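Chemist: The structure is given below, and queries will be raised subsequently.
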Amino acid sequence: MPMPTEERVSQLVAELVARRGFDLEGVAIASAGKDELAPVRLKVTVDSDGPADLDAIAELSREMSELLDEAGDFGESAYLLEVTTPGVDRPLTAERHWRRAQGRKVKLALREGAEPIEGKARFEARVGLLADDGTVALVLGGKNKPHRVHVPLTDIASAVVQVEFNAPGAAELELAGGIAAGRPVPGEEPADLAAAGQHSDSPTEGVAE
């Protein structure tokens, strides 16, 4: 029996994820080993505005495993389910990502034709408040000369959060409006989180009856 597609799994779990107060950020299906009989690894990435609650994620993983088994799309094939949160170095592709990245340093590239920021189309900045008009405050200048500019999200082609090992300056954070609620202070993430870029509950093995 062929494996379900990532799109199909997304459709199956989306309502459950939303009902539990999370946003579905992605689904990935990959082989868990070279053996043809090895179970596939199903990774589901979720996020929320608040701090990551590992107990809530573990419960979501249990419910998701039951849901997938009941749907029967994996047939008799074994699979390893991993429910996880996004890595620290995530790309920002939606407004909610920008809200949750407040206070973080990002590497940005402006779209072609957008007005350069202080002469540059590619630069690093610290994320500030996202306004209702679709512009985001960006703090430039680092610790030495922090200052704030406002850029329309439509002018930004790509933005990726940077892993930081040193705490930002107080003036930088003040201009950014602080850290998003429930998020770790840059430079103070747990060592395993900063290294792995994610955290998750133990993978759950499931086999549809």
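Residues in the structure tokens are numbered from 1 in each chain, the chains being A, B, ... in the order shown, and ligands are numbered from 1 in the order shown.
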What's the 12 Å shell around Glu115 of chain A, counting only C-alpha atoms, without same-chain residues fewer than 4 positions away, as a ChimeraX atom specification?

Modeler: /A:109-111,119-122,150-152,154-156

Chemist: I need the residues of chain A that end up classed as alpha helix (DSSP H) by DSSP on the backbone, written out as a PyMOL selection string.

Modeler: chain A and resi 6-19+54-71+95-100+170-176+191-196

Chemist: Hey, which of A:Gly178, A:Arg41, A:Arg62, A:Leu153 ends up closest to Ala114 of chain A? Count only C-alpha atoms.

Modeler: A:Leu153

Chemist: Given the choices A:Ala157, A:Arg96, A:Gly103, A:Glu188, which gets closest to Glu174 of chain A if the distance is worked out from only C-alpha atoms?

Modeler: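 The answer is A:Gly103, which sits nearest to Glu174 of chain A.
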
Chemist: If we count only C-alpha atoms, what is near Ala56 of chain A at a cut-off of 12 Å, once residues fewer than 6 positions away on the same chain are taken out, given as a PDB file with N, CA, C and O atoms, in the first residue's frame?

Modeler:
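Written output follows (out_17.pdb):
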ATOM      1  N   VAL A  17      -4.946  19.699  15.307  1.00  0.00           N
ATOM      2  CA  VAL A  17      -3.898  20.646  15.718  1.00  0.00           C
ATOM      3  C   VAL A  17      -4.508  21.986  16.112  1.00  0.00           C
ATOM      4  O   VAL A  17      -4.171  22.560  17.155  1.00  0.00           O
ATOM      5  N   ARG A  20      -6.435  21.980  19.423  1.00  0.00           N
ATOM      6  CA  ARG A  20      -5.563  21.951  20.597  1.00  0.00           C
ATOM      7  C   ARG A  20      -4.770  23.248  20.770  1.00  0.00           C
ATOM      8  O   ARG A  20      -3.891  23.332  21.613  1.00  0.00           O
ATOM      9  N   GLY A  21      -5.090  24.268  19.950  1.00  0.00           N
ATOM     10  CA  GLY A  21      -4.489  25.582  20.122  1.00  0.00           C
ATOM     11  C   GLY A  21      -3.145  25.777  19.465  1.00  0.00           C
ATOM     12  O   GLY A  21      -2.405  26.711  19.802  1.00  0.00           O
ATOM     13  N   PHE A  22      -2.830  24.943  18.469  1.00  0.00           N
ATOM     14  CA  PHE A  22      -1.559  25.058  17.763  1.00  0.00           C
ATOM     15  C   PHE A  22      -1.790  25.442  16.303  1.00  0.00           C
ATOM     16  O   PHE A  22      -2.901  25.292  15.770  1.00  0.00           O
ATOM     17  N   VAL A  46       4.509  21.859  14.788  1.00  0.00           N
ATOM     18  CA  VAL A  46       3.433  22.739  15.245  1.00  0.00           C
ATOM     19  C   VAL A  46       4.041  23.893  16.034  1.00  0.00           C
ATOM     20  O   VAL A  46       5.173  23.827  16.508  1.00  0.00           O
ATOM     21  N   ASP A  47       3.256  24.959  16.198  1.00  0.00           N
ATOM     22  CA  ASP A  47       3.725  26.107  16.960  1.00  0.00           C
ATOM     23  C   ASP A  47       2.521  26.821  17.565  1.00  0.00           C
ATOM     24  O   ASP A  47       1.371  26.568  17.182  1.00  0.00           O
ATOM     25  N   SER A  48       2.793  27.727  18.497  1.00  0.00           N
ATOM     26  CA  SER A  48       1.735  28.518  19.116  1.00  0.00           C
ATOM     27  C   SER A  48       2.336  29.820  19.612  1.00  0.00           C
ATOM     28  O   SER A  48       3.557  29.983  19.646  1.00  0.00           O
ATOM     29  N   GLY A  50       2.188  31.039  22.676  1.00  0.00           N
ATOM     30  CA  GLY A  50       2.732  30.914  24.017  1.00  0.00           C
ATOM     31  C   GLY A  50       3.979  30.054  24.053  1.00  0.00           C
ATOM     32  O   GLY A  50       4.455  29.567  23.021  1.00  0.00           O
ATOM     33  N   ARG A  62      -0.098  11.799  21.064  1.00  0.00           N
ATOM     34  CA  ARG A  62      -0.897  10.600  21.336  1.00  0.00           C
ATOM     35  C   ARG A  62      -2.214  10.639  20.547  1.00  0.00           C
ATOM     36  O   ARG A  62      -2.604   9.657  19.907  1.00  0.00           O
ATOM     37  N   GLU A  63      -2.897  11.788  20.596  1.00  0.00           N
ATOM     38  CA  GLU A  63      -4.164  11.915  19.885  1.00  0.00           C
ATOM     39  C   GLU A  63      -3.965  11.811  18.376  1.00  0.00           C
ATOM     40  O   GLU A  63      -4.790  11.226  17.662  1.00  0.00           O
ATOM     41  N   VAL A  83       6.149  14.672  16.857  1.00  0.00           N
ATOM     42  CA  VAL A  83       5.501  15.982  16.893  1.00  0.00           C
ATOM     43  C   VAL A  83       6.483  16.946  17.543  1.00  0.00           C
ATOM     44  O   VAL A  83       6.930  16.725  18.675  1.00  0.00           O
ATOM     45  N   THR A  84       6.821  18.009  16.849  1.00  0.00           N
ATOM     46  CA  THR A  84       7.892  18.890  17.291  1.00  0.00           C
ATOM     47  C   THR A  84       7.532  20.341  17.068  1.00  0.00           C
ATOM     48  O   THR A  84       6.556  20.655  16.381  1.00  0.00           O
ATOM     49  N   THR A  85       8.321  21.241  17.646  1.00  0.00           N
ATOM     50  CA  THR A  85       8.164  22.672  17.415  1.00  0.00           C
ATOM     51  C   THR A  85       9.249  23.145  16.455  1.00  0.00           C
ATOM     52  O   THR A  85      10.263  22.462  16.280  1.00  0.00           O
ATOM     53  N   SER A 200      11.186  17.905  20.959  1.00  0.00           N
ATOM     54  CA  SER A 200      10.012  17.100  20.673  1.00  0.00           C
ATOM     55  C   SER A 200       9.837  16.050  21.752  1.00  0.00           C
ATOM     56  O   SER A 200      10.734  15.787  22.541  1.00  0.00           O
ATOM     57  N   ASP A 201       8.652  15.453  21.756  1.00  0.00           N
ATOM     58  CA  ASP A 201       8.464  14.300  22.618  1.00  0.00           C
ATOM     59  C   ASP A 201       9.067  13.083  21.943  1.00  0.00           C
ATOM     60  O   ASP A 201       9.462  13.125  20.794  1.00  0.00           O
TER      61      ASP A 201
END

Chemist: Between atom CA of Lys105 of chain A and atom CA of Ala131 of chain A, what is the distance, to one decimal in Å?

Modeler: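 Computed distance, atom CA of Lys105 of chain A to atom CA of Ala131 of chain A, equals 18.1 Å.
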
Chemist: Neighbours of Ala170 of chain A within 12 Å (only C-alpha atoms; same-chain residues fewer than 6 positions away dropped), as a list in words?

Modeler: Gly103, Gly142, Lys143, Asn144, Lys145, Pro146, Ala176, Gly177, Gly178, Ile179, Val185 and Pro186 of chain A

Chemist: Keeping only C-alpha atoms, take the residues you just selected and write them out as a compact mmCIF listing (two decimals), in the first residue's frame.

Modeler:
# COMPACT_ATOMS: atom_id res chain seq x y z
CA GLY A 103 13.34 40.32 19.77
CA GLY A 142 23.64 46.12 16.81
CA LYS A 143 24.68 46.93 20.37
CA ASN A 144 26.74 49.98 19.45
CA LYS A 145 24.37 52.12 17.40
CA PRO A 146 20.89 50.62 17.62
CA ALA A 176 12.45 45.98 19.50
CA GLY A 177 9.78 46.13 22.19
CA GLY A 178 11.21 43.18 24.11
CA ILE A 179 10.96 39.45 23.50
CA VAL A 185 15.87 35.34 25.48
CA PRO A 186 18.37 35.18 22.57

Chemist: I'd like the interatomic distance between atom CA of Pro168 of chain A and atom CA of Val88 of chain A, to a tenth of an Å.

Modeler: 15.7 Å

Chemist: Which residue, A:Gly26, A:Pro2, A:Pro184, A:Gly128, has the smallest gap to Pro86 of chain A when you use only C-alpha atoms?

Modeler: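 Of A:Gly26, A:Pro2, A:Pro184, A:Gly128, the one nearest Pro86 of chain A, counting only C-alpha atoms, is A:Gly26.
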
Chemist: Excluding Glu124 of chain A and residues on its chain fewer than 5 positions from it, collect all residues at most 10 Å away from it, counting only C-alpha atoms, and give them as a list in words.

Modeler: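 The filter keeps Lys105, Val106, Lys107, Leu108, Ala109, Leu138, Val139, Leu140, Gly141, Gly142, Ala159, Val160, Val161 and Gln162 of chain A.
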
Chemist: Using only N, CA, C and O atoms, please write the residues we just selected to a file, as a PDB file, in the first residue's frame.

Modeler:
ATOM      1  N   LYS A 105      17.215  38.119  16.243  1.00  0.00           N
ATOM      2  CA  LYS A 105      18.003  38.621  15.117  1.00  0.00           C
ATOM      3  C   LYS A 105      17.675  37.790  13.885  1.00  0.00           C
ATOM      4  O   LYS A 105      17.577  36.565  13.949  1.00  0.00           O
ATOM      5  N   VAL A 106      17.489  38.462  12.756  1.00  0.00           N
ATOM      6  CA  VAL A 106      17.178  37.766  11.512  1.00  0.00           C
ATOM      7  C   VAL A 106      18.095  38.245  10.400  1.00  0.00           C
ATOM      8  O   VAL A 106      18.606  39.368  10.421  1.00  0.00           O
ATOM      9  N   LYS A 107      18.311  37.379   9.421  1.00  0.00           N
ATOM     10  CA  LYS A 107      19.031  37.735   8.202  1.00  0.00           C
ATOM     11  C   LYS A 107      17.990  37.911   7.117  1.00  0.00           C
ATOM     12  O   LYS A 107      17.224  36.987   6.826  1.00  0.00           O
ATOM     13  N   LEU A 108      17.948  39.104   6.499  1.00  0.00           N
ATOM     14  CA  LEU A 108      16.902  39.437   5.549  1.00  0.00           C
ATOM     15  C   LEU A 108      17.447  39.684   4.151  1.00  0.00           C
ATOM     16  O   LEU A 108      18.593  40.104   3.974  1.00  0.00           O
ATOM     17  N   ALA A 109      16.579  39.445   3.188  1.00  0.00           N
ATOM     18  CA  ALA A 109      16.845  39.820   1.801  1.00  0.00           C
ATOM     19  C   ALA A 109      15.586  40.493   1.275  1.00  0.00           C
ATOM     20  O   ALA A 109      14.485  39.952   1.405  1.00  0.00           O
ATOM     21  N   LEU A 138      12.303  47.066  12.490  1.00  0.00           N
ATOM     22  CA  LEU A 138      13.579  46.361  12.495  1.00  0.00           C
ATOM     23  C   LEU A 138      14.618  47.227  13.170  1.00  0.00           C
ATOM     24  O   LEU A 138      14.718  48.421  12.875  1.00  0.00           O
ATOM     25  N   VAL A 139      15.371  46.640  14.067  1.00  0.00           N
ATOM     26  CA  VAL A 139      16.410  47.373  14.788  1.00  0.00           C
ATOM     27  C   VAL A 139      17.751  47.065  14.141  1.00  0.00           C
ATOM     28  O   VAL A 139      18.184  45.903  14.095  1.00  0.00           O
ATOM     29  N   LEU A 140      18.394  48.106  13.630  1.00  0.00           N
ATOM     30  CA  LEU A 140      19.702  47.985  12.984  1.00  0.00           C
ATOM     31  C   LEU A 140      20.785  48.544  13.910  1.00  0.00           C
ATOM     32  O   LEU A 140      20.491  49.202  14.896  1.00  0.00           O
ATOM     33  N   GLY A 141      22.019  48.284  13.564  1.00  0.00           N
ATOM     34  CA  GLY A 141      23.131  48.905  14.286  1.00  0.00           C
ATOM     35  C   GLY A 141      23.706  48.098  15.422  1.00  0.00           C
ATOM     36  O   GLY A 141      24.715  48.498  16.016  1.00  0.00           O
ATOM     37  N   GLY A 142      23.098  46.959  15.753  1.00  0.00           N
ATOM     38  CA  GLY A 142      23.637  46.119  16.809  1.00  0.00           C
ATOM     39  C   GLY A 142      23.650  46.789  18.165  1.00  0.00           C
ATOM     40  O   GLY A 142      22.836  47.673  18.453  1.00  0.00           O
ATOM     41  N   ALA A 159      13.529  35.888   5.135  1.00  0.00           N
ATOM     42  CA  ALA A 159      14.047  36.253   6.455  1.00  0.00           C
ATOM     43  C   ALA A 159      14.200  34.972   7.272  1.00  0.00           C
ATOM     44  O   ALA A 159      13.270  34.170   7.351  1.00  0.00           O
ATOM     45  N   VAL A 160      15.367  34.788   7.852  1.00  0.00           N
ATOM     46  CA  VAL A 160      15.656  33.583   8.628  1.00  0.00           C
ATOM     47  C   VAL A 160      16.203  34.001   9.982  1.00  0.00           C
ATOM     48  O   VAL A 160      17.142  34.800  10.071  1.00  0.00           O
ATOM     49  N   VAL A 161      15.626  33.464  11.045  1.00  0.00           N
ATOM     50  CA  VAL A 161      16.091  33.762  12.396  1.00  0.00           C
ATOM     51  C   VAL A 161      17.484  33.179  12.589  1.00  0.00           C
ATOM     52  O   VAL A 161      17.777  32.060  12.150  1.00  0.00           O
ATOM     53  N   GLN A 162      18.345  33.927  13.249  1.00  0.00           N
ATOM     54  CA  GLN A 162      19.716  33.510  13.492  1.00  0.00           C
ATOM     55  C   GLN A 162      19.882  32.965  14.908  1.00  0.00           C
ATOM     56  O   GLN A 162      19.314  33.500  15.858  1.00  0.00           O
TER      57      GLN A 162
END

Chemist: For atom CA of Ile57 of chain A and atom CA of Leu16 of chain A, determine how far apart the two atoms are, in Å to one decimal place.

Modeler: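 So the two atoms, atom CA of Ile57 of chain A and atom CA of Leu16 of chain A, lie 12.0 Å apart.
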